[in-house]
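Peer 1: The following file, protein21.cif, comprises mmCIF, C-alpha atoms:
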data_my_file
loop_
_atom_site.label_atom_id
_atom_site.label_comp_id
_atom_site.auth_asym_id
_atom_site.auth_seq_id
_atom_site.Cartn_x
_atom_site.Cartn_y
_atom_site.Cartn_z
CA GLY U 59 23.11 -20.15 16.95
CA GLY U 60 25.46 -19.24 19.74
CA SER U 61 26.70 -15.97 21.16
CA ASP U 62 28.91 -15.11 18.17
CA GLU U 63 27.84 -13.79 14.80
CA ASP U 64 25.97 -16.51 12.94
CA HIS U 65 25.20 -16.62 9.21
CA PHE U 66 22.35 -18.81 7.97
CA THR U 67 21.60 -19.53 4.32
CA VAL U 68 18.52 -21.21 2.85
CA THR U 69 19.08 -21.84 -0.83
CA THR U 70 16.45 -22.07 -3.56
CA SER U 71 14.05 -24.99 -2.95
CA GLY U 72 15.15 -25.23 0.69
CA SER U 73 12.57 -25.36 3.49
CA VAL U 74 12.96 -25.52 7.28
CA ALA U 75 10.31 -27.40 9.26
CA GLY U 76 11.15 -25.91 12.66
CA GLU U 77 12.73 -22.60 13.70
CA ILE U 78 16.15 -21.11 13.32
CA ARG U 79 17.00 -19.46 16.64
CA ALA U 80 20.03 -17.26 16.18
CA GLY U 81 20.69 -16.52 19.85
CA ALA U 82 22.96 -13.68 20.94
CA GLY U 83 25.18 -11.76 18.56
CA ASN U 84 24.61 -9.93 15.27
CA ASP U 85 23.17 -12.65 13.08
CA ASP U 86 21.74 -12.80 9.57
CA LEU U 87 19.63 -15.04 7.38
CA ALA U 88 19.84 -15.21 3.58
CA VAL U 89 16.92 -16.80 1.69
CA SER U 90 16.47 -17.35 -2.04
CA VAL U 91 13.03 -17.99 -3.57
CA ASP U 92 12.08 -18.88 -7.15
CA GLY U 93 8.42 -19.91 -6.99
CA THR U 94 9.03 -23.61 -7.56
CA THR U 95 8.86 -24.82 -3.95
CA VAL U 96 6.09 -24.73 -1.37
CA GLY U 97 7.86 -24.20 1.94
CA GLN U 98 8.79 -21.92 4.79
CA VAL U 99 11.51 -20.79 7.11
CA ALA U 100 11.06 -19.25 10.57
CA PHE U 101 13.86 -17.08 11.97
CA VAL U 102 14.07 -15.74 15.54
CA GLY U 103 16.90 -13.26 15.80
CA GLY U 104 17.31 -12.95 19.54
CA VAL U 105 19.67 -10.49 21.23
CA GLY U 106 21.76 -8.29 18.91
CA ASN U 107 21.27 -6.63 15.56
CA ASP U 108 19.83 -9.29 13.27
CA ASP U 109 18.78 -8.96 9.65
CA ILE U 110 17.27 -10.95 6.80
CA LEU U 111 18.09 -10.74 3.08
CA ILE U 112 15.62 -12.31 0.64
CA SER U 113 16.44 -12.58 -3.07
CA GLY U 114 15.32 -14.36 -6.26
CA GLY U 115 11.79 -14.11 -7.58
CA ALA U 116 10.01 -13.95 -10.94
CA SER U 117 8.21 -11.23 -12.91
CA ALA U 118 4.75 -12.72 -12.13
CA MET U 119 5.41 -13.38 -8.42
CA THR U 120 3.40 -11.58 -5.72
CA VAL U 121 4.53 -10.73 -2.19
CA ASP U 122 2.32 -10.37 0.89
CA TYR U 123 3.54 -8.78 4.12
CA GLN U 124 1.56 -9.64 7.25
CA ALA U 125 2.34 -8.50 10.79
CA ASP U 126 1.16 -10.56 13.74
CA THR U 127 -0.07 -9.53 17.17
CA GLU U 128 3.00 -10.89 19.00
CA GLY U 129 5.58 -8.59 17.42
CA GLY U 130 6.57 -10.75 14.48
CA ALA U 131 5.72 -10.69 10.80
CA SER U 132 5.89 -12.75 7.62
CA LEU U 133 6.61 -12.27 3.93
CA SER U 134 4.88 -14.75 1.60
CA TYR U 135 6.04 -15.21 -2.00
CA SER U 136 3.50 -16.73 -4.40
CA LEU U 137 3.66 -17.77 -8.03
CA GLN U 138 0.94 -19.41 -10.09
CA ALA U 139 2.25 -22.66 -11.59
CA ASP U 140 -0.20 -24.31 -13.98
CA THR U 141 -3.25 -25.03 -11.78
CA SER U 142 -1.63 -24.57 -8.36
CA LEU U 143 -0.35 -21.60 -6.39
CA VAL U 144 3.18 -22.10 -5.07
CA THR U 145 3.84 -20.10 -1.88
CA TYR U 146 7.00 -19.80 0.17
CA THR U 147 6.79 -17.95 3.51
CA VAL U 148 9.51 -16.30 5.57
CA ASN U 149 8.37 -15.87 9.19
CA TYR U 150 10.47 -13.81 11.56
CA ALA U 151 10.63 -12.23 15.02
CA ASP U 152 13.24 -10.28 17.03
CA VAL U 153 14.79 -8.98 13.80
CA GLU U 154 15.98 -5.41 13.29
CA ALA U 155 15.99 -5.12 9.49
CA ILE U 156 14.66 -6.96 6.43
CA ASP U 157 15.91 -6.44 2.87
CA ASP U 158 13.51 -7.81 0.25
CA ASP U 159 15.20 -7.78 -3.17
CA VAL U 160 12.87 -10.36 -4.72
CA VAL U 161 11.65 -9.61 -8.24
CA ALA U 162 7.83 -9.44 -8.11
CA ALA U 163 4.84 -7.93 -9.88
CA ARG U 164 3.22 -6.70 -6.67
CA LEU U 165 3.96 -6.12 -3.01
CA THR U 166 0.90 -6.00 -0.73
CA ILE U 167 1.33 -4.56 2.76
CA ASN U 168 -1.46 -5.86 4.99
CA ASP U 169 -2.45 -4.26 8.27
CA LEU U 170 -3.38 -5.98 11.53
CA ASP U 171 -7.09 -6.77 11.58
CA ALA U 172 -9.40 -4.74 13.82
CA GLN U 173 -6.84 -2.31 15.19
CA ASN U 174 -5.60 1.16 14.25
CA ASP U 175 -2.21 0.78 12.59
CA ALA U 176 0.44 3.33 11.65
CA ILE U 177 2.16 2.56 8.34
CA ALA U 178 5.16 4.69 7.36
CA LEU U 179 6.54 4.86 3.80
CA VAL U 180 9.95 6.30 2.98
CA ASN U 181 12.58 5.75 0.27
CA ASP U 182 11.56 2.23 -0.84
CA SER U 183 10.89 0.94 2.64
CA PHE U 184 7.95 0.63 4.99
CA GLN U 185 7.30 0.11 8.68
CA VAL U 186 4.10 -1.08 10.36
CA ASN U 187 3.69 0.29 13.87
CA ALA U 188 6.98 -0.25 15.79
CA LEU U 189 7.89 -3.47 13.98
CA ALA U 190 11.13 -3.94 12.06
CA PRO U 191 11.29 -1.82 8.87
CA VAL U 192 11.29 -3.64 5.53
CA SER U 193 13.37 -2.32 2.62
CA TYR U 194 12.28 -3.47 -0.82
CA THR U 195 13.43 -3.32 -4.45
CA ASN U 196 12.26 -4.82 -7.75
CA LYS U 197 8.52 -4.46 -7.06
CA ASP U 198 6.42 -3.35 -10.05
CA SER U 199 3.39 -2.32 -7.93
CA VAL U 200 2.78 -1.59 -4.25
CA VAL U 201 -0.62 -1.96 -2.54
CA ILE U 202 -1.37 -1.03 1.08
CA ALA U 203 -4.40 -2.99 2.23
CA GLY U 204 -5.54 -1.11 5.31
CA GLU U 205 -8.73 -0.53 7.26
CA SER U 206 -10.64 2.48 8.49
CA GLY U 207 -8.65 3.81 11.44
CA ASP U 208 -5.26 3.00 9.91
CA GLU U 209 -2.99 5.89 8.91
CA VAL U 210 -0.44 5.80 6.10
CA THR U 211 2.23 8.50 6.34
CA VAL U 212 4.37 9.31 3.31
CA GLN U 213 7.68 10.36 4.87
CA GLY U 214 9.90 10.65 1.79
CA LEU U 215 10.08 9.82 -1.89
CA VAL U 216 8.11 6.65 -2.74
CA GLN U 217 8.83 5.41 -6.28
CA VAL U 218 6.81 2.64 -7.93
CA ASN U 219 7.11 1.62 -11.58
CA ASN U 220 3.48 0.72 -12.21
CA ARG U 221 0.66 1.03 -9.63
CA PHE U 222 0.60 2.50 -6.13
CA GLU U 223 -2.63 1.93 -4.21
CA VAL U 224 -3.89 2.60 -0.69
CA VAL U 225 -7.10 0.90 0.45
CA SER U 226 -9.26 2.28 3.30
CA ALA U 227 -6.51 3.86 5.43
CA GLY U 228 -6.14 7.60 5.77
CA VAL U 229 -3.14 9.11 3.96
CA THR U 230 -0.94 11.90 5.36
CA ALA U 231 2.12 13.72 4.04
CA PHE U 232 4.93 14.06 6.60
CA ASP U 233 6.36 17.22 4.97
CA ASN U 234 6.91 18.88 1.60
CA ASN U 235 9.64 16.38 0.69
CA ALA U 236 7.16 13.50 0.78
CA GLN U 237 5.97 12.42 -2.66
CA VAL U 238 4.56 9.32 -4.38
CA GLN U 239 5.76 8.69 -7.94
CA ALA U 240 4.02 5.97 -9.96
CA ALA U 241 2.56 5.43 -13.42
CA GLN U 242 -0.83 4.84 -11.75
CA ILE U 243 -2.00 6.01 -8.33
CA ARG U 244 -5.25 4.68 -6.89
CA PHE U 245 -6.95 5.66 -3.63
CA ASN U 246 -9.83 3.39 -2.62
CA GLY U 247 -12.19 3.96 0.32
CA ASN U 248 -9.73 6.12 2.26
CA ALA U 249 -10.81 7.92 5.41
CA HIS U 250 -9.05 11.05 4.11
CA ILE U 251 -6.17 12.06 1.85
CA GLY U 252 -3.99 14.92 3.04
CA ALA U 253 -5.34 18.23 4.35
CA ALA U 254 -5.96 21.72 3.00
CA ASP U 255 -2.63 22.92 4.43
CA ALA U 256 -0.73 19.66 3.91
CA ARG U 257 -1.52 18.14 0.51
CA VAL U 258 -0.26 14.71 -0.45
CA ARG U 259 2.25 15.28 -3.26
CA ILE U 260 2.09 12.94 -6.22
CA ASN U 261 3.69 12.52 -9.65
CA THR U 262 1.60 10.26 -11.84
CA ASP U 263 0.12 9.92 -15.31
CA SER U 264 -3.11 8.38 -14.01
CA LEU U 265 -5.02 9.14 -10.79
CA GLN U 266 -8.11 7.26 -9.60
CA LEU U 267 -10.27 8.05 -6.55
CA GLN U 268 -12.84 5.45 -5.52
CA ASN U 269 -15.35 5.91 -2.70
CA ILE U 270 -13.19 8.27 -0.64
CA GLN U 271 -14.82 8.58 2.79
CA GLY U 272 -13.49 12.05 3.63
CA ALA U 273 -11.84 15.00 1.93
CA ALA U 274 -8.95 14.57 -0.51
CA TYR U 275 -6.23 17.18 -1.05
CA LEU U 276 -3.56 16.37 -3.64
CA LEU U 277 -0.71 18.23 -5.37
CA GLU U 278 0.45 16.85 -8.73
CA ALA U 279 3.94 17.74 -9.97
CA ASN U 280 3.11 17.71 -13.70
CA ASP U 281 0.18 16.77 -15.97
CA VAL U 282 -2.38 14.31 -14.66
CA ASN U 283 -5.18 12.22 -16.16
CA ILE U 284 -8.01 11.54 -13.73
CA ALA U 285 -8.99 7.92 -14.43
CA GLY U 286 -12.23 8.19 -12.48
CA ILE U 287 -13.76 9.74 -9.38
CA THR U 288 -16.48 7.58 -7.84
CA ASN U 289 -18.86 8.70 -5.08
CA PRO U 290 -16.58 10.55 -2.65
CA SER U 291 -18.10 11.53 0.70
CA GLY U 292 -16.13 14.77 0.92
CA ARG U 293 -14.42 17.48 -1.08
CA VAL U 294 -11.92 16.48 -3.77
CA ASP U 295 -9.30 19.22 -4.24
CA ILE U 296 -6.47 18.70 -6.75
CA VAL U 297 -3.77 21.16 -7.78
CA ALA U 298 -1.55 20.25 -10.76
CA ASN U 299 1.38 22.16 -12.20
CA GLY U 300 0.41 20.95 -15.69
CA ASP U 301 -2.76 19.96 -17.55
CA ILE U 302 -5.67 18.14 -15.92
CA ALA U 303 -7.84 15.82 -18.02
CA ASP U 304 -10.35 13.04 -17.43
CA THR U 305 -9.97 9.61 -19.04
CA ALA U 306 -13.06 8.12 -17.35
CA THR U 307 -16.31 9.29 -15.81
CA LEU U 308 -16.17 11.59 -12.80
CA SER U 309 -19.14 11.07 -10.46
CA SER U 310 -19.62 13.13 -7.30
CA THR U 311 -22.27 14.86 -5.22
CA GLN U 312 -19.58 16.72 -3.26
CA ALA U 313 -17.44 19.74 -4.04
CA LEU U 314 -14.83 19.28 -6.77
CA VAL U 315 -11.99 21.80 -6.95
CA LEU U 316 -9.36 21.54 -9.70
CA GLN U 317 -6.51 23.95 -10.41
CA SER U 318 -4.06 23.77 -13.29
CA VAL U 319 -1.29 26.21 -12.45
CA ASN U 320 0.36 26.26 -15.88
CA GLY U 321 -2.01 24.43 -18.22
CA ALA U 322 -5.59 23.61 -19.17
CA ILE U 323 -8.44 21.59 -17.65
CA THR U 324 -10.35 19.29 -20.01
CA LEU U 325 -13.19 17.24 -18.51
CA ASP U 326 -15.05 15.94 -21.55
CA ASN U 327 -16.31 12.52 -20.49
CA THR U 328 -19.92 11.75 -19.55
CA ASN U 329 -19.46 13.13 -16.06
CA SER U 330 -22.06 13.31 -13.31
CA LEU U 331 -21.10 16.16 -10.99
CA THR U 332 -23.91 17.58 -8.85
CA GLY U 333 -21.79 19.19 -6.13
CA GLU U 334 -20.22 22.60 -6.58
CA VAL U 335 -17.48 22.55 -9.25
CA SER U 336 -14.66 25.12 -9.12
CA LEU U 337 -12.11 25.12 -11.94
CA SER U 338 -9.04 27.29 -12.40
CA ALA U 339 -6.58 27.05 -15.30
CA ALA U 340 -3.84 29.17 -16.82
CA THR U 341 -5.37 28.63 -20.27
CA ASP U 342 -8.70 26.95 -21.15
CA VAL U 343 -11.32 25.06 -19.16
CA THR U 344 -13.72 22.57 -20.77
CA LEU U 345 -16.42 20.83 -18.73
CA ALA U 346 -19.00 18.27 -19.86
CA ASN U 347 -21.61 17.27 -17.31
CA SER U 348 -24.65 15.03 -17.71
CA ALA U 349 -26.30 16.36 -14.54
CA SER U 350 -27.50 19.69 -13.21
CA THR U 351 -24.41 21.79 -12.64
CA VAL U 352 -23.37 24.17 -9.87
CA LEU U 353 -20.27 26.20 -10.69
CA GLY U 354 -18.19 27.92 -8.05
CA ASP U 355 -15.07 29.91 -8.93
CA ILE U 356 -14.13 29.67 -12.61
CA THR U 357 -10.84 31.09 -13.86
CA ALA U 358 -9.83 30.55 -17.49
CA GLN U 359 -8.93 32.33 -20.69
CA ASN U 360 -11.82 30.43 -22.31
CA PHE U 361 -14.47 28.40 -20.53
CA SER U 362 -16.70 25.95 -22.40
CA LEU U 363 -19.50 24.06 -20.65
CA SER U 364 -21.77 21.41 -22.11
CA ALA U 365 -24.31 20.38 -19.51
CA ALA U 366 -27.76 18.90 -19.05
CA GLY U 367 -30.41 20.17 -16.68
CA SER U 368 -30.08 23.45 -14.81
CA LEU U 369 -26.91 25.41 -14.13
CA VAL U 370 -26.04 27.70 -11.24
CA ILE U 371 -22.96 29.89 -11.58
CA GLN U 372 -22.18 31.18 -8.13
CA ASP U 373 -18.94 33.04 -8.84
CA ALA U 374 -17.07 33.17 -12.14
CA SER U 375 -14.58 35.52 -13.77
CA SER U 376 -14.98 34.73 -17.47
CA ALA U 377 -17.22 32.11 -19.01
CA THR U 378 -18.68 30.80 -22.24
CA VAL U 379 -21.54 28.41 -21.60
CA VAL U 380 -23.02 26.37 -24.45
CA ASP U 381 -25.96 23.95 -24.92
CA VAL U 382 -27.67 24.10 -21.56
CA ASN U 383 -31.40 23.47 -21.25
CA ASP U 384 -32.15 25.83 -18.39
CA LEU U 385 -29.58 28.19 -16.96
CA ILE U 386 -29.35 30.20 -13.77
CA VAL U 387 -26.55 32.74 -13.47
CA GLN U 388 -25.90 33.77 -9.89
CA GLY U 389 -23.00 35.75 -8.47
CA ASN U 390 -20.61 38.58 -9.22
CA LEU U 391 -18.69 38.30 -12.48
CA SER U 392 -15.84 40.15 -14.11
CA ASN U 393 -14.33 40.33 -17.60
CA GLY U 394 -16.40 39.15 -20.55
CA PHE U 395 -19.35 36.86 -19.84
CA THR U 396 -21.23 35.03 -22.59
CA VAL U 397 -24.05 32.58 -21.95
CA THR U 398 -25.97 30.64 -24.60
CA ALA U 399 -28.72 28.48 -23.11
CA GLY U 400 -30.66 25.82 -24.99
CA GLY U 401 -33.75 26.63 -22.89
CA ALA U 402 -34.62 29.46 -20.57
CA LEU U 403 -32.08 31.64 -18.82
CA ALA U 404 -32.40 33.56 -15.57
CA THR U 405 -29.97 35.79 -13.68
CA ASN U 406 -30.72 35.69 -9.97
CA GLY U 407 -27.58 37.39 -8.73
CA ALA U 408 -25.90 40.61 -9.71
CA VAL U 409 -23.84 40.26 -12.90
CA SER U 410 -20.92 42.62 -13.44
CA ALA U 411 -18.62 42.25 -16.45
CA THR U 412 -16.85 44.12 -19.22
CA ASP U 413 -19.33 42.71 -21.76
CA VAL U 414 -22.44 40.66 -21.01
CA SER U 415 -24.26 38.51 -23.59
CA LEU U 416 -27.24 36.36 -22.53
CA THR U 417 -29.09 34.25 -25.14
CA ALA U 418 -31.94 31.78 -24.53
CA ASN U 419 -32.53 29.76 -27.70
CA GLY U 420 -35.45 27.81 -26.28
CA GLY U 421 -37.11 30.27 -23.91
CA THR U 422 -36.91 33.67 -22.31
CA VAL U 423 -34.12 35.60 -20.60
CA THR U 424 -35.25 36.78 -17.17
CA VAL U 425 -33.08 39.34 -15.36
CA ASN U 426 -33.83 39.25 -11.63
CA ASN U 427 -30.95 41.40 -10.45
CA ASN U 428 -28.64 44.15 -11.63
CA ILE U 429 -26.48 43.74 -14.74
CA THR U 430 -23.52 46.07 -14.95
CA ALA U 431 -21.45 46.11 -18.14
CA GLU U 432 -18.51 48.36 -18.82
CA ASN U 433 -19.03 48.20 -22.58
CA SER U 434 -22.15 46.38 -23.74
CA VAL U 435 -25.07 44.15 -22.75
#
Represent the structure from my file as structure tokens, please.
Peer 2:
Amino acid sequence: GGSDEDHFTVTTSGSVAGEIRAGAGNDDLAVSVDGTTVGQVAFVGGVGNDDILISGGASAMTVDYQADTEGGASLSYSLQADTSLVTYTVNYADVEAIDDDVVAARLTINDLDAQNDAIALVNDSFQVNALAPVSYTNKDSVVIAGESGDEVTVQGLVQVNNRFEVVSAGVTAFDNNAQVQAAQIRFNGNAHIGAADARVRINTDSLQLQNIQGAAYLLEANDVNIAGITNPSGRVDIVANGDIADTATLSSTQALVLQSVNGAITLDNTNSLTGEVSLSAATDVTLANSASTVLGDITAQNFSLSAAGSLVIQDASSATVVDVNDLIVQGNLSNGFTVTAGGALATNGAVSATDVSLTANGGTVTVNNNITAENSV
């Protein structure tokens, strides 16, 4: 290209062996991909405001973004054709904006290996470090493949039809207008997710947390199904405006805090929760746990617990506890409190409630502290 505005077009099935150097001026490159041609094009924008528009695609195509260490990046478009993978790559440098309108099943945003990267997400676009931002449409799922030390910042509304996933990187909300909307949201191995005073806002039907390395603080706009919690290293704290339910096993040795502002909490899978569990709901709370259980704050109109092993209630307002082998009640309580234990039952802390009922079907009831009841014991 020369010093004027130059327009370059690479049609479907076209490939450029060398580089297109646009030179000075505001230049642009248009590329169309369809998954039938293995090829590439390399575009160097030069001086001026240069942009790239990429179109085409197929419903089964995948897209991989990869930055390089010299200030450039690439977008690779792959489609499985019979026994071979057909990949077309757009390499670029010195470009100010990229518009990716390719139809694809998944967009994967890869970080730079072995360095701490900043990845910003806002309004269907992303930016890695200070490189050119990429705007995208027509992507069914978005995956951010980061590393420990990377930080993903949600800066606005991020909308994904199917799955949104962040791997390894920490996740931060820029402000209260930042939100991720997707049918499925998965966090995998993240250093942290949000903070106690700055939750990451989400709107999803299905939430999965796998091997989170730090604390996780989330705020769900509506109902949410938790499709698994696996071995977090820190506190998991989720507030939802609607119901909270589990659709897979929840497994944690750390604190789990769930709040349903306007609905119920139903955790009835074969869960293994040995850290302190605090549950607050506008209506009912149901908890099934296959391990020894430690309850923190419990707020519910009705609370039903089915647990194995021992139980420690450290602070609860109203509870009905059923089918527990050995039970320890510990803490100050208010309202009605009913405990039915399958084995022995002991109260180590002071119990204060309107009505108190303690039943040990398989052993003795041992009261080790004061019981204060407004009406009856």
Peer 1: Would you kindly translate the PyMOL selection byres ((chain U and resi 423) around 10) into the concrete residues it picks from this file, as a count of residues only?
Peer 2: 18
Peer 1: With only C-alpha atoms as the counted atoms, please give the residues lying no more than 7 Å from Val297 in chain U, apart from itself and same-chain residues fewer than 6 positions off, as a PyMOL selection string.
Peer 2: chain U and resi 276-278+316-318
Peer 1: Output C-alpha atoms for every residue in that selection, as a PDB file, in the frame of the given file.
Peer 2:
ATOM      1  CA  LEU U 276      -3.560  16.370  -3.640  1.00  0.00           C
ATOM      2  CA  LEU U 277      -0.710  18.230  -5.370  1.00  0.00           C
ATOM      3  CA  GLU U 278       0.450  16.850  -8.730  1.00  0.00           C
ATOM      4  CA  LEU U 316      -9.360  21.540  -9.700  1.00  0.00           C
ATOM      5  CA  GLN U 317      -6.510  23.950 -10.410  1.00  0.00           C
ATOM      6  CA  SER U 318      -4.060  23.770 -13.290  1.00  0.00           C
TER       7      SER U 318
END
Peer 1: Could you pull the residues within 10 Å of Val91 in chain U, counting only C-alpha atoms, minus those fewer than 4 positions along the same chain, as a list in words?
Peer 2: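 In the requested form, the answer reads Val68, Thr69, Thr70, Ser71, Gly72, Thr95, Val96, Gly97, Ile112, Ser113, Gly114, Gly115, Ala116, Tyr135, Ser136, Thr145, Tyr146, Thr147, Val148, Val160 and Val161 of chain U.
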Peer 1: Run through the PyMOL selection byres ((chain U and resi 207) around 9) on the given coordinates and return the selected residues as a list in words.
Peer 2: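 Going through the file, the PyMOL selection byres ((chain U and resi 207) around 9) ends up selecting Ala172, Gln173, Asn174, Asp175, Gly204, Glu205, Ser206, Asp208, Glu209, Ser226, Ala227, Gly228 and Ala249 of chain U.
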Peer 1: May I ask for the distance between CA of Gly76 in chain U and CA of Val99 in chain U, given in Å to one decimal place?
Peer 2: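 Those two atoms sit 7.6 Å apart.
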Peer 1: Quick one: residues within 6 Å of range 334-341 of chain U, only C-alpha atoms, excluding same-chain residues fewer than 6 positions away - as a list in words?
Peer 2: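 My reading of the contact set: Ala313, Leu314, Val315, Leu316, Gln317, Ser318, Val319, Asn320, Gly321, Ala322, Val352, Leu353, Gly354, Asp355, Ile356, Thr357, Ala358 and Gln359 of chain U.
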Peer 1: How many Å lie between CA of Gly272 in chain U and CA of Val229 in chain U, rounded to one decimal?
Peer 2: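 Computing the Euclidean distance for CA of Gly272 in chain U and CA of Val229 in chain U yields 10.8 Å.
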Peer 1: Please determine an axis-aligned box that encloses all atoms of range 312-318 of chain U listed in the file, with 4 Å added on each side, and express its centre and edge lengths in Å to one decimal as JSON.
Peer 2:
{"center_x": -11.8, "center_y": 20.3, "center_z": -8.3, "size_x": 23.5, "size_y": 15.2, "size_z": 18.0}
Peer 1: Determine, counting all atoms listed in the file, every residue of protein, DNA or RNA that lies within 6 Å of (-22.7, 37.5, -19.1) in the file coordinates, then give the result as a count of residues only.
Peer 2: 6
Peer 1: Please expand the PyMOL selection byres ((chain U and resi 259-262) around 7) into the concrete residues it hits in this file, giving the result as a compact mmCIF listing (two decimals) with C-alpha atoms, in the coordinates of the input.
Peer 2:
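part-v7.txt written:
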# COMPACT_ATOMS: atom_id res chain seq x y z
CA ALA U 236 7.16 13.50 0.78
CA GLN U 237 5.97 12.42 -2.66
CA VAL U 238 4.56 9.32 -4.38
CA GLN U 239 5.76 8.69 -7.94
CA ALA U 240 4.02 5.97 -9.96
CA ALA U 241 2.56 5.43 -13.42
CA GLN U 242 -0.83 4.84 -11.75
CA ILE U 243 -2.00 6.01 -8.33
CA ARG U 257 -1.52 18.14 0.51
CA VAL U 258 -0.26 14.71 -0.45
CA ASP U 263 0.12 9.92 -15.31
CA SER U 264 -3.11 8.38 -14.01
CA LEU U 265 -5.02 9.14 -10.79
CA LEU U 276 -3.56 16.37 -3.64
CA LEU U 277 -0.71 18.23 -5.37
CA GLU U 278 0.45 16.85 -8.73
CA ALA U 279 3.94 17.74 -9.97
CA ASN U 280 3.11 17.71 -13.70
CA VAL U 282 -2.38 14.31 -14.66
Peer 1: Quote the spacing between CA of Asn84 in chain U and CA of Asn187 in chain U in Å to one decimal place.
Peer 2: 23.3 Å
Peer 1: Can you tell me which residues surround Gln213 in chain U at a distance of at most 10 Å, considering only C-alpha atoms, apart from same-chain residues fewer than 6 positions away, and format the answer as a PyMOL selection string?
Peer 2: chain U and resi 178-181+184+230-238
Peer 1: Just C-alpha atoms for this one: save the residues we selected as a PDB file, in the frame of the given file.
Peer 2:
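To be explicit, this is the file written out as result-v8.pdb:
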ATOM      1  CA  ALA U 178       5.160   4.690   7.360  1.00  0.00           C
ATOM      2  CA  LEU U 179       6.540   4.860   3.800  1.00  0.00           C
ATOM      3  CA  VAL U 180       9.950   6.300   2.980  1.00  0.00           C
ATOM      4  CA  ASN U 181      12.580   5.750   0.270  1.00  0.00           C
ATOM      5  CA  PHE U 184       7.950   0.630   4.990  1.00  0.00           C
ATOM      6  CA  THR U 230      -0.940  11.900   5.360  1.00  0.00           C
ATOM      7  CA  ALA U 231       2.120  13.720   4.040  1.00  0.00           C
ATOM      8  CA  PHE U 232       4.930  14.060   6.600  1.00  0.00           C
ATOM      9  CA  ASP U 233       6.360  17.220   4.970  1.00  0.00           C
ATOM     10  CA  ASN U 234       6.910  18.880   1.600  1.00  0.00           C
ATOM     11  CA  ASN U 235       9.640  16.380   0.690  1.00  0.00           C
ATOM     12  CA  ALA U 236       7.160  13.500   0.780  1.00  0.00           C
ATOM     13  CA  GLN U 237       5.970  12.420  -2.660  1.00  0.00           C
ATOM     14  CA  VAL U 238       4.560   9.320  -4.380  1.00  0.00           C
TER      15      VAL U 238
END
Peer 1: Give me the residues of range 93-172 of chain U that have any atom at most 9 Å from an atom of range 191-197 of chain U; for each, the nearest atom pair and the distance in Å, rounded to one decimal. Use all atoms listed in the file, sort by chain and number, and format it as JSON lines.
Peer 2:
{"residue": "U:Ser117", "atom": "CA", "partner": "U:Lys197", "partner_atom": "CA", "distance": 9.0}
{"residue": "U:Thr120", "atom": "CA", "partner": "U:Lys197", "partner_atom": "CA", "distance": 8.9}
{"residue": "U:Val121", "atom": "CA", "partner": "U:Lys197", "partner_atom": "CA", "distance": 8.9}
{"residue": "U:Glu154", "atom": "CA", "partner": "U:Pro191", "partner_atom": "CA", "distance": 7.4}
{"residue": "U:Ala155", "atom": "CA", "partner": "U:Pro191", "partner_atom": "CA", "distance": 5.8}
{"residue": "U:Ile156", "atom": "CA", "partner": "U:Val192", "partner_atom": "CA", "distance": 4.8}
{"residue": "U:Asp157", "atom": "CA", "partner": "U:Ser193", "partner_atom": "CA", "distance": 4.8}
{"residue": "U:Asp158", "atom": "CA", "partner": "U:Tyr194", "partner_atom": "CA", "distance": 4.6}
{"residue": "U:Asp159", "atom": "CA", "partner": "U:Thr195", "partner_atom": "CA", "distance": 5.0}
{"residue": "U:Val160", "atom": "CA", "partner": "U:Asn196", "partner_atom": "CA", "distance": 6.3}
{"residue": "U:Val161", "atom": "CA", "partner": "U:Asn196", "partner_atom": "CA", "distance": 4.9}
{"residue": "U:Ala162", "atom": "CA", "partner": "U:Lys197", "partner_atom": "CA", "distance": 5.1}
{"residue": "U:Ala163", "atom": "CA", "partner": "U:Lys197", "partner_atom": "CA", "distance": 5.8}
{"residue": "U:Arg164", "atom": "CA", "partner": "U:Lys197", "partner_atom": "CA", "distance": 5.8}
{"residue": "U:Leu165", "atom": "CA", "partner": "U:Lys197", "partner_atom": "CA", "distance": 6.3}
